[in-house]
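The file work10.csv comes next; it holds CSV, C-alpha atoms.
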```csv
chain,number,residue,atom,x,y,z
H,769,MET,CA,6.9,-17.3,-6.9
H,770,LYS,CA,8.8,-14.1,-6.4
H,771,LEU,CA,7.6,-11.2,-4.3
H,772,SER,CA,8.1,-7.5,-5.3
H,773,VAL,CA,7.8,-5.1,-2.3
H,774,ILE,CA,7.1,-1.5,-3.6
H,775,MET,CA,7.9,1.0,-0.9
H,776,PRO,CA,7.2,4.7,-1.7
H,777,VAL,CA,8.9,7.0,0.8
H,778,TYR,CA,8.9,10.7,1.6
H,779,ASN,CA,10.8,12.2,4.5
H,780,GLU,CA,11.1,9.0,6.5
H,781,GLU,CA,14.7,9.3,7.8
H,782,SER,CA,13.8,8.2,11.3
H,783,SER,CA,12.3,4.8,10.2
H,784,ILE,CA,13.6,3.9,6.7
H,785,ARG,CA,16.5,1.7,7.9
H,786,GLU,CA,14.3,-0.2,10.4
H,787,ILE,CA,11.4,-0.8,8.0
H,788,ILE,CA,13.7,-2.1,5.2
H,789,ASP,CA,15.4,-4.4,7.7
H,790,ARG,CA,12.0,-5.7,8.8
H,791,VAL,CA,11.0,-6.4,5.2
H,792,LYS,CA,14.2,-8.2,4.6
H,793,ARG,CA,13.7,-10.4,7.7
H,794,ALA,CA,10.1,-11.3,6.8
H,795,LYS,CA,9.8,-14.9,5.8
H,796,ILE,CA,7.1,-16.2,3.5
H,797,GLU,CA,6.8,-19.9,2.8
H,798,GLY,CA,6.5,-20.8,-0.9
H,799,LEU,CA,8.4,-17.8,-2.3
H,800,THR,CA,11.5,-18.3,-4.5
H,801,GLY,CA,12.7,-14.7,-4.1
H,802,LYS,CA,12.0,-11.3,-2.8
H,803,GLU,CA,13.0,-7.8,-4.1
H,804,ILE,CA,12.5,-4.5,-2.3
H,805,ILE,CA,11.9,-1.5,-4.6
H,806,VAL,CA,12.2,1.7,-2.7
H,807,VAL,CA,11.0,4.9,-4.4
H,808,ASN,CA,12.3,8.0,-2.8
H,809,ASP,CA,9.6,10.5,-3.7
H,810,GLY,CA,11.7,13.7,-3.6
H,811,SER,CA,12.5,13.6,0.1
H,812,THR,CA,13.9,16.8,1.6
H,813,ASP,CA,15.3,15.3,4.8
H,814,GLY,CA,18.1,12.8,5.2
H,815,THR,CA,16.1,9.9,3.6
H,816,GLY,CA,17.8,10.1,0.2
H,817,LYS,CA,21.3,10.1,1.7
H,818,ILE,CA,20.5,7.1,3.9
H,819,LEU,CA,19.2,5.1,0.9
H,820,GLU,CA,22.0,6.1,-1.4
H,821,ASN,CA,24.9,5.5,1.0
H,822,GLY,CA,23.8,3.1,3.7
H,823,VAL,CA,21.2,0.5,2.6
H,824,ASP,CA,22.1,-2.6,0.7
H,825,GLY,CA,19.9,-5.1,-1.1
H,826,ILE,CA,17.3,-2.8,-2.5
H,827,LYS,CA,16.4,-1.4,-5.9
H,828,LEU,CA,16.4,2.4,-5.5
H,829,ILE,CA,14.4,4.8,-7.6
H,830,SER,CA,15.0,8.5,-6.8
H,831,LEU,CA,12.5,11.1,-8.0
H,832,GLU,CA,13.8,14.6,-8.3
H,833,ARG,CA,10.7,16.2,-6.7
H,834,ASN,CA,7.8,15.0,-4.5
H,835,VAL,CA,5.0,13.9,-6.8
H,836,GLY,CA,2.9,11.6,-4.6
H,837,LYS,CA,2.4,8.1,-3.4
H,838,GLY,CA,0.4,6.9,-6.4
H,839,TRP,CA,3.1,8.2,-8.8
H,840,ALA,CA,5.8,6.5,-6.8
H,841,ILE,CA,4.0,3.2,-6.8
H,842,ARG,CA,3.5,3.4,-10.6
H,843,GLU,CA,7.3,4.1,-11.0
H,844,GLY,CA,8.1,1.1,-8.7
H,845,LEU,CA,5.8,-1.2,-10.7
H,846,LYS,CA,7.8,-0.5,-13.8
H,847,GLN,CA,10.8,-2.0,-12.2
H,848,ALA,CA,9.0,-4.9,-10.4
H,849,THR,CA,9.9,-8.4,-11.6
H,850,GLY,CA,7.9,-10.5,-9.1
H,851,ASP,CA,4.8,-12.6,-9.6
H,852,ILE,CA,3.3,-10.9,-6.5
H,853,VAL,CA,3.3,-7.3,-5.6
H,854,ILE,CA,2.8,-5.8,-2.1
H,855,ILE,CA,2.7,-2.1,-1.1
H,856,GLN,CA,4.7,-1.2,2.0
H,857,ASP,CA,4.8,2.3,3.6
H,858,GLY,CA,8.2,3.7,4.8
H,859,ASP,CA,7.1,4.1,8.4
H,860,LEU,CA,6.5,1.5,11.1
H,861,GLU,CA,2.7,1.5,11.2
H,862,TYR,CA,2.5,-1.8,9.5
H,863,ASN,CA,4.3,-5.1,10.4
H,864,PRO,CA,6.0,-7.0,7.6
H,865,ASP,CA,5.5,-10.2,9.7
H,866,ASP,CA,2.0,-10.1,8.4
H,867,TYR,CA,3.2,-10.8,4.8
H,868,GLU,CA,3.0,-14.5,5.5
H,869,SER,CA,-0.8,-14.6,6.0
H,870,LEU,CA,-1.5,-12.1,3.2
H,871,ILE,CA,0.6,-13.8,0.6
H,872,HIS,CA,-0.6,-17.3,1.7
H,873,GLU,CA,-4.0,-16.3,0.3
H,874,ILE,CA,-2.5,-15.8,-3.2
H,875,ILE,CA,0.0,-18.7,-3.3
H,876,ARG,CA,-2.1,-21.4,-1.6
H,877,ASN,CA,-5.7,-20.2,-1.9
H,878,GLY,CA,-5.7,-18.8,-5.4
H,879,ASN,CA,-6.9,-15.3,-4.6
H,880,LYS,CA,-5.8,-12.5,-7.0
H,881,VAL,CA,-5.9,-9.6,-4.7
H,882,VAL,CA,-5.7,-9.4,-0.9
H,883,TYR,CA,-6.1,-6.4,1.4
H,884,GLY,CA,-4.8,-6.4,5.0
H,885,SER,CA,-7.6,-5.1,7.2
H,886,ARG,CA,-6.9,-3.1,10.3
H,887,ILE,CA,-10.5,-3.2,11.2
H,888,LEU,CA,-10.7,-7.0,11.4
H,889,ASN,CA,-8.1,-7.0,14.2
H,890,ARG,CA,-9.8,-5.7,17.2
H,891,ASP,CA,-6.6,-5.3,19.1
H,892,ASN,CA,-5.5,-2.4,16.9
H,893,GLY,CA,-5.5,1.2,18.0
H,894,MET,CA,-6.3,4.3,16.1
H,895,SER,CA,-4.3,7.5,15.6
H,896,TYR,CA,-7.3,9.8,15.5
H,897,VAL,CA,-11.0,9.3,15.5
H,898,SER,CA,-11.3,11.4,12.4
H,899,PHE,CA,-8.9,9.1,10.5
H,900,TYR,CA,-10.8,6.0,11.7
H,901,LEU,CA,-14.2,7.4,10.8
H,902,GLY,CA,-12.9,8.6,7.4
H,903,GLY,CA,-11.6,5.2,6.6
H,904,ARG,CA,-14.9,3.6,7.5
H,905,LEU,CA,-16.8,6.1,5.4
H,906,LEU,CA,-14.7,5.4,2.4
H,907,SER,CA,-15.1,1.6,2.8
H,908,LEU,CA,-18.9,2.1,3.1
H,909,MET,CA,-18.9,4.1,-0.1
H,910,VAL,CA,-17.0,1.4,-1.9
H,911,ASN,CA,-19.4,-1.2,-0.7
H,912,LEU,CA,-22.4,0.8,-1.8
H,913,LEU,CA,-21.1,2.0,-5.1
H,914,TYR,CA,-19.4,-1.3,-6.2
H,915,ASN,CA,-21.4,-3.9,-4.4
H,916,ALA,CA,-18.4,-5.0,-2.3
H,917,ARG,CA,-18.0,-6.0,1.3
H,918,LEU,CA,-14.7,-4.4,2.4
H,919,THR,CA,-13.9,-3.2,5.9
H,920,ASP,CA,-10.7,-1.3,5.2
H,921,MET,CA,-10.3,0.1,1.7
H,922,PRO,CA,-7.6,2.7,2.6
H,923,THR,CA,-5.2,0.1,4.1
H,924,CYS,CA,-1.6,0.3,3.0
H,925,TYR,CA,-1.2,-3.5,2.8
H,926,LYS,CA,-2.6,-4.3,-0.6
H,927,VAL,CA,-1.2,-7.5,-2.3
H,928,PHE,CA,-1.7,-8.3,-6.0
H,929,ARG,CA,-0.9,-10.9,-8.5
H,930,ALA,CA,1.4,-8.8,-10.6
H,931,ASP,CA,-0.4,-9.5,-13.9
H,932,VAL,CA,-3.7,-8.4,-12.3
H,933,LEU,CA,-2.2,-5.1,-11.1
H,934,ARG,CA,-0.7,-4.5,-14.5
H,935,SER,CA,-4.0,-5.0,-16.1
H,936,ILE,CA,-5.3,-1.9,-14.3
H,937,GLU,CA,-4.5,1.4,-16.0
H,938,LEU,CA,-3.5,3.6,-13.1
H,939,LYS,CA,-3.7,7.4,-13.4
H,940,CYS,CA,-3.1,8.3,-9.7
H,941,ARG,CA,-0.4,10.7,-8.4
H,942,GLY,CA,-1.1,10.8,-4.7
H,943,PHE,CA,-3.0,9.0,-2.0
H,944,GLU,CA,-5.9,8.4,-4.5
H,945,PHE,CA,-4.0,5.2,-5.4
H,946,CYS,CA,-6.2,3.3,-2.9
H,947,PRO,CA,-9.6,4.3,-4.2
H,948,GLU,CA,-8.6,4.1,-7.8
H,949,VAL,CA,-7.1,0.7,-7.8
H,950,THR,CA,-10.0,-0.6,-5.6
H,951,ALA,CA,-12.6,0.8,-7.9
H,952,LYS,CA,-11.1,-0.5,-11.1
H,953,LEU,CA,-10.5,-3.9,-9.7
H,954,LEU,CA,-14.1,-4.2,-8.5
H,955,LYS,CA,-15.5,-2.9,-11.8
H,956,LYS,CA,-13.6,-5.7,-13.6
H,957,GLY,CA,-15.3,-8.2,-11.3
H,958,ILE,CA,-12.1,-9.1,-9.4
H,959,LYS,CA,-12.8,-10.2,-5.8
H,960,ILE,CA,-10.7,-8.6,-3.0
H,961,ARG,CA,-10.0,-10.9,-0.1
H,962,GLU,CA,-9.4,-9.3,3.4
H,963,ILE,CA,-7.2,-10.7,6.1
H,964,PRO,CA,-6.7,-9.2,9.6
H,965,ILE,CA,-3.3,-7.4,10.2
H,966,ARG,CA,-1.6,-5.5,13.0
H,967,TYR,CA,-1.5,-1.8,13.0
H,968,TYR,CA,0.6,0.7,15.1
H,969,PRO,CA,-0.7,4.2,14.2
H,970,ARG,CA,1.5,7.2,14.5
H,971,LYS,CA,0.5,10.8,15.1
H,972,LEU,CA,0.7,13.8,12.8
H,973,SER,CA,3.7,15.0,14.9
H,974,GLU,CA,5.5,11.8,14.1
H,975,GLY,CA,5.2,12.3,10.4
H,976,LYS,CA,1.7,11.1,9.4
H,977,LYS,CA,1.0,12.8,6.1
H,978,ILE,CA,-2.6,12.0,4.9
H,979,THR,CA,-5.1,14.8,5.3
H,980,GLY,CA,-8.8,15.5,5.2
H,981,TRP,CA,-8.3,16.9,1.7
H,982,ASP,CA,-7.0,13.4,0.6
H,983,GLY,CA,-10.2,12.0,2.0
H,984,LEU,CA,-12.3,14.3,-0.2
H,985,LYS,CA,-10.2,13.4,-3.3
H,986,ALA,CA,-10.8,9.7,-2.5
H,987,ILE,CA,-14.6,10.3,-2.5
H,988,PHE,CA,-14.3,12.1,-5.8
H,989,VAL,CA,-12.3,9.2,-7.3
H,990,LEU,CA,-14.8,6.6,-6.1
H,991,LEU,CA,-17.7,8.5,-7.7
H,992,LYS,CA,-15.7,9.3,-10.9
H,993,TYR,CA,-14.8,5.7,-11.7
H,994,ARG,CA,-18.3,4.4,-10.8
H,995,PHE,CA,-20.2,6.7,-13.0
H,996,VAL,CA,-17.8,8.2,-15.6
H,997,ASN,CA,-15.1,5.7,-16.6
```

File written out as structure tokens:
Amino acid sequence: MKLSVIMPVYNEESSIREIIDRVKRAKIEGLTGKEIIVVNDGSTDGTGKILENGVDGIKLISLERNVGKGWAIREGLKQATGDIVIIQDGDLEYNPDDYESLIHEIIRNGNKVVYGSRILNRDNGMSYVSFYLGGRLLSLMVNLLYNARLTDMPTCYKVFRADVLRSIELKCRGFEFCPEVTAKLLKKGIKIREIPIRYYPRKLSEGKKITGWDGLKAIFVLLKYRFVN
């Protein structure tokens, strides 16, 4: 099976080379190939120049302006040719060495969707209490609204069988990708498996971009797709 890594990036000049190198080095038993699709979401720093002139072995999609993570993922999915898709941020908060255990659940154990849970690994730290509590609140809402048992709905590491992800009609533009894809999967009766992962949180001063407003939009999306669509 072939893996497609979709990496939406915005203003990540300090980490983009390193994270791409880590993804390239990640070894997963049972794969026949791996492609890295980097979507430059209108970066205004040096990210675009680095990707265009100094990084080999990637598929690069460059958006003229910053639209949002969800839109970038949707654009990346159009170019993905793998049987399995994983979402990878352009920073260093997540460790591609965790790919092995996540993708193992699809290749060997027959799961269709796997989330990497930061909560299930008690050795992980947190960037801010507000981010931690916000994530737990969103996970609780998912569980109550969709009869699920997730611990970490907002996690970046989401792994899908490509055909399953493509069966979901995504409308997201920003960080609401996480609640939208989760809600629509659960409404279709697709089970989401969780596996512990490592997490190295960064501070707002280091480039963390999600805000409280994104959390409010996530709540709205969860309610919307439970009761409207």

inquiry  = Under the rule that all atoms listed in the file are counted, which of H:Gly810, H:Thr815, H:Arg842, H:Leu901 is the nearest residue to Leu933 of chain H?
reply    =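 Once distances to Leu933 of chain H are computed over all atoms listed in the file, the minimum belongs to H:Arg842.
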
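Candidate residues H:Ile784, H:Leu912, H:Val791, H:Met775 were compared for distance to Gly838 of chain H, and the nearest is H:Met775, using all atoms listed in the file.
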
ask   = Looking at H:Val932, H:Leu888, H:Ile841, H:Leu938, which one is nearest to Lys956 of chain H, with distances taken over all atoms listed in the file?
value = H:Val932

ask   = From the set H:Ile826, H:Ile787, H:Ala930, H:Ile963, which residue has the shortest atom-to-atom contact distance to Glu868 of chain H, counting all atoms listed in the file?
value =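 Selected residue with least distance to Glu868 of chain H: H:Ile963.
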
query = Of the candidates H:Val949, H:Val806, H:Val835, H:Val777, which one gets nearest to Gly858 of chain H if we count only C-alpha atoms?
reply =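 Going through H:Val949, H:Val806, H:Val835, H:Val777 one by one, the smallest distance to Gly858 of chain H is for H:Val777.
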
task = Name the residues within 9 Å of (6.0, -17.1, -5.0), counting all atoms listed in the file in the file's coordinates, and put them as an MDAnalysis selection string.
result = chainID H and resid 769:771 796:802 850:852 871 874:875

inquiry  = Just checking: using all atoms listed in the file, which residue out of H:Met894, H:Val882, H:Leu991, H:Ala986 ends up closest to Leu913 of chain H?
reply    =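 Nearest to Leu913 of chain H: H:Leu991.
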
request  = Write out as JSON, numbers by chain each polymer residue whose atoms come within 12 Å of segment 967-970 of chain H, counting only C-alpha atoms; drop sequence neighbours fewer than 4 positions from it.
outcome  = {"H": [783, 859, 860, 861, 862, 863, 864, 865, 866, 884, 885, 886, 887, 888, 889, 890, 891, 892, 893, 894, 895, 896, 897, 899, 900, 923, 924, 925, 974, 975, 976, 977, 978]}

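Atom to atom, atom CA of Asn821 of chain H and atom CA of Gly942 of chain H stand 27.1 Å apart.
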
ask   = How far is it from atom CA of Lys880 of chain H to atom CA of Lys959 of chain H, in Å with one decimal?
value = 7.5 Å

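The space separating atom CA of Leu918 of chain H from atom CA of Cys946 of chain H comes to 12.6 Å.
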
key: Residue contacts of Val996 of chain H (12 Å, all atoms listed in the file) excluding same-chain residues fewer than 3 positions away, as a ChimeraX atom specification   = /H:951-952,955,988-993

ask   = Which polymer residues, protein or nucleic acid, are no farther than 8 Å from (-11.2, 12.0, 4.9), counting all atoms listed in the file, as a PyMOL selection string?
value = chain H and resi 898-899+902-903+906+979-984+986
